[in-house]
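J.: One structure coming up, written as structure tokens, with questions to follow.
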Amino acid sequence: MSLDKSTLERVAYLARIKINDSEIEKMTTELNNIMKWIEELNEVDIKNEKPMTGVSNESLREREDEVIDGGYSEKIVSNAPEKIDNSFIVPKVIE
């Protein structure tokens with residue numbers, strides 16, 4: 001399948017995409033290259049391949065969910081203007 005200038009302009013109009021006249025030749029070439037690539041994919045033999053409808057059949061590795069402080073809370077608040085016991089002090093906001 002090959003796209004020409006009028007088809008590209010029609011598709012751009014339907015998709016509400018503005019394409020300048022200077023971009024039409026470049027865009028036509030790029031879209032034709034994409035269409036050639038799609039045609040190459042149709043040549044791949046997939047008769048013996050199982051269809052993959054999603055990754056839900058796969059099981060993921062899991063790890064224990066443990067809460068830790070990271071061990072460097074002093075570094076985190078080291079540049080804070082005000083702090084108490086490795087915690088930031090922020091002004092009270094009332095709305």
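Chains: A, B, ... in order of the structure tokens. Residues: from 1 per chain. Ligands: from 1, in order shown.
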Mind checking DSSP for chain A and telling me the strand (DSSP E or B) residues as a short mmCIF file (atom, residue, chain, number, x, y, z; two decimals) with N, CA, C and O atoms, in the first residue's frame?
T.:
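Saved file selection_30.cif follows:
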data_model
loop_
_atom_site.label_atom_id
_atom_site.label_comp_id
_atom_site.auth_asym_id
_atom_site.auth_seq_id
_atom_site.Cartn_x
_atom_site.Cartn_y
_atom_site.Cartn_z
N LYS A 83 14.83 22.05 62.18
CA LYS A 83 14.54 20.63 62.34
C LYS A 83 14.48 20.29 63.82
O LYS A 83 15.09 20.95 64.66
N ILE A 84 13.71 19.27 64.12
CA ILE A 84 13.63 18.71 65.47
C ILE A 84 13.65 17.20 65.33
O ILE A 84 12.82 16.62 64.63
N SER A 87 13.40 15.65 61.88
CA SER A 87 12.14 15.94 61.19
C SER A 87 12.17 17.39 60.73
O SER A 87 12.73 18.25 61.40
N PHE A 88 11.54 17.66 59.62
CA PHE A 88 11.44 19.02 59.11
C PHE A 88 10.41 19.80 59.91
O PHE A 88 9.37 19.27 60.28
#
J.: Pull the helix (DSSP H, G or I) assignments for chain A out of DSSP run on the backbone, and list those residues as an MDAnalysis selection string.
T.: chainID A and resid 5:14 21:41 73:76
J.: Could those selected residues go to a file with N, CA and C atoms, as an mmCIF file, in the first residue's frame?
T.:
data_model
loop_
_atom_site.group_PDB
_atom_site.id
_atom_site.type_symbol
_atom_site.label_atom_id
_atom_site.label_comp_id
_atom_site.auth_asym_id
_atom_site.auth_seq_id
_atom_site.Cartn_x
_atom_site.Cartn_y
_atom_site.Cartn_z
ATOM 1 N N LYS A 5 -0.027 12.195 -1.985
ATOM 2 C CA LYS A 5 -0.206 13.514 -1.367
ATOM 3 C C LYS A 5 -1.667 13.768 -0.998
ATOM 4 N N SER A 6 -2.593 13.425 -1.864
ATOM 5 C CA SER A 6 -4.007 13.699 -1.592
ATOM 6 C C SER A 6 -4.528 12.843 -0.439
ATOM 7 N N THR A 7 -4.071 11.587 -0.351
ATOM 8 C CA THR A 7 -4.489 10.723 0.755
ATOM 9 C C THR A 7 -3.958 11.263 2.074
ATOM 10 N N LEU A 8 -2.706 11.696 2.078
ATOM 11 C CA LEU A 8 -2.120 12.254 3.286
ATOM 12 C C LEU A 8 -2.869 13.510 3.729
ATOM 13 N N GLU A 9 -3.206 14.364 2.793
ATOM 14 C CA GLU A 9 -3.949 15.576 3.143
ATOM 15 C C GLU A 9 -5.325 15.235 3.705
ATOM 16 N N ARG A 10 -5.971 14.213 3.134
ATOM 17 C CA ARG A 10 -7.293 13.793 3.626
ATOM 18 C C ARG A 10 -7.195 13.223 5.037
ATOM 19 N N VAL A 11 -6.213 12.381 5.289
ATOM 20 C CA VAL A 11 -6.024 11.808 6.625
ATOM 21 C C VAL A 11 -5.707 12.910 7.627
ATOM 22 N N ALA A 12 -4.868 13.850 7.257
ATOM 23 C CA ALA A 12 -4.537 14.965 8.146
ATOM 24 C C ALA A 12 -5.776 15.789 8.453
ATOM 25 N N TYR A 13 -6.618 16.006 7.460
ATOM 26 C CA TYR A 13 -7.852 16.765 7.663
ATOM 27 C C TYR A 13 -8.779 16.025 8.630
ATOM 28 N N LEU A 14 -8.947 14.717 8.433
ATOM 29 C CA LEU A 14 -9.823 13.925 9.303
ATOM 30 C C LEU A 14 -9.296 13.851 10.733
ATOM 31 N N ASP A 21 2.668 22.693 3.576
ATOM 32 C CA ASP A 21 3.007 22.176 2.252
ATOM 33 C C ASP A 21 4.453 21.695 2.181
ATOM 34 N N SER A 22 5.325 22.332 2.963
ATOM 35 C CA SER A 22 6.732 21.940 2.941
ATOM 36 C C SER A 22 6.960 20.593 3.642
ATOM 37 N N GLU A 23 6.027 20.168 4.488
ATOM 38 C CA GLU A 23 6.179 18.916 5.233
ATOM 39 C C GLU A 23 5.523 17.730 4.532
ATOM 40 N N ILE A 24 4.695 17.991 3.527
ATOM 41 C CA ILE A 24 3.909 16.916 2.924
ATOM 42 C C ILE A 24 4.794 15.856 2.269
ATOM 43 N N GLU A 25 5.803 16.261 1.494
ATOM 44 C CA GLU A 25 6.679 15.288 0.831
ATOM 45 C C GLU A 25 7.410 14.418 1.839
ATOM 46 N N LYS A 26 7.967 15.052 2.884
ATOM 47 C CA LYS A 26 8.708 14.311 3.905
ATOM 48 C C LYS A 26 7.783 13.351 4.641
ATOM 49 N N MET A 27 6.587 13.826 5.002
ATOM 50 C CA MET A 27 5.637 13.004 5.733
ATOM 51 C C MET A 27 5.160 11.826 4.878
ATOM 52 N N THR A 28 4.939 12.066 3.583
ATOM 53 C CA THR A 28 4.520 10.993 2.678
ATOM 54 C C THR A 28 5.589 9.909 2.599
ATOM 55 N N THR A 29 6.833 10.319 2.493
ATOM 56 C CA THR A 29 7.940 9.353 2.447
ATOM 57 C C THR A 29 8.029 8.548 3.734
ATOM 58 N N GLU A 30 7.922 9.222 4.862
ATOM 59 C CA GLU A 30 8.014 8.533 6.145
ATOM 60 C C GLU A 30 6.870 7.545 6.332
ATOM 61 N N LEU A 31 5.649 7.956 5.996
ATOM 62 C CA LEU A 31 4.508 7.054 6.145
ATOM 63 C C LEU A 31 4.597 5.873 5.186
ATOM 64 N N ASN A 32 5.101 6.084 3.990
ATOM 65 C CA ASN A 32 5.295 4.967 3.057
ATOM 66 C C ASN A 32 6.333 3.987 3.582
ATOM 67 N N ASN A 33 7.384 4.488 4.221
ATOM 68 C CA ASN A 33 8.375 3.597 4.832
ATOM 69 C C ASN A 33 7.757 2.779 5.954
ATOM 70 N N ILE A 34 6.880 3.386 6.743
ATOM 71 C CA ILE A 34 6.200 2.655 7.814
ATOM 72 C C ILE A 34 5.306 1.571 7.227
ATOM 73 N N MET A 35 4.597 1.901 6.149
ATOM 74 C CA MET A 35 3.716 0.921 5.513
ATOM 75 C C MET A 35 4.521 -0.256 4.944
ATOM 76 N N LYS A 36 5.714 0.006 4.403
ATOM 77 C CA LYS A 36 6.575 -1.069 3.908
ATOM 78 C C LYS A 36 7.013 -1.970 5.052
ATOM 79 N N TRP A 37 7.325 -1.375 6.187
ATOM 80 C CA TRP A 37 7.743 -2.151 7.355
ATOM 81 C C TRP A 37 6.602 -3.043 7.840
ATOM 82 N N ILE A 38 5.378 -2.528 7.830
ATOM 83 C CA ILE A 38 4.217 -3.325 8.228
ATOM 84 C C ILE A 38 4.029 -4.492 7.268
ATOM 85 N N GLU A 39 4.224 -4.260 5.980
ATOM 86 C CA GLU A 39 4.120 -5.343 5.006
ATOM 87 C C GLU A 39 5.184 -6.407 5.236
ATOM 88 N N GLU A 40 6.377 -6.006 5.663
ATOM 89 C CA GLU A 40 7.426 -6.975 5.993
ATOM 90 C C GLU A 40 7.018 -7.809 7.195
ATOM 91 N N LEU A 41 6.346 -7.210 8.165
ATOM 92 C CA LEU A 41 5.899 -7.972 9.330
ATOM 93 C C LEU A 41 4.872 -9.034 8.958
ATOM 94 N N SER A 73 18.571 9.331 57.763
ATOM 95 C CA SER A 73 17.658 10.452 58.004
ATOM 96 C C SER A 73 18.416 11.730 58.373
ATOM 97 N N GLU A 74 19.575 11.610 59.010
ATOM 98 C CA GLU A 74 20.358 12.798 59.355
ATOM 99 C C GLU A 74 20.850 13.524 58.100
ATOM 100 N N LYS A 75 21.227 12.769 57.071
ATOM 101 C CA LYS A 75 21.655 13.395 55.815
ATOM 102 C C LYS A 75 20.501 14.130 55.140
ATOM 103 N N ILE A 76 19.302 13.558 55.240
ATOM 104 C CA ILE A 76 18.149 14.147 54.573
ATOM 105 C C ILE A 76 17.819 15.519 55.149
#
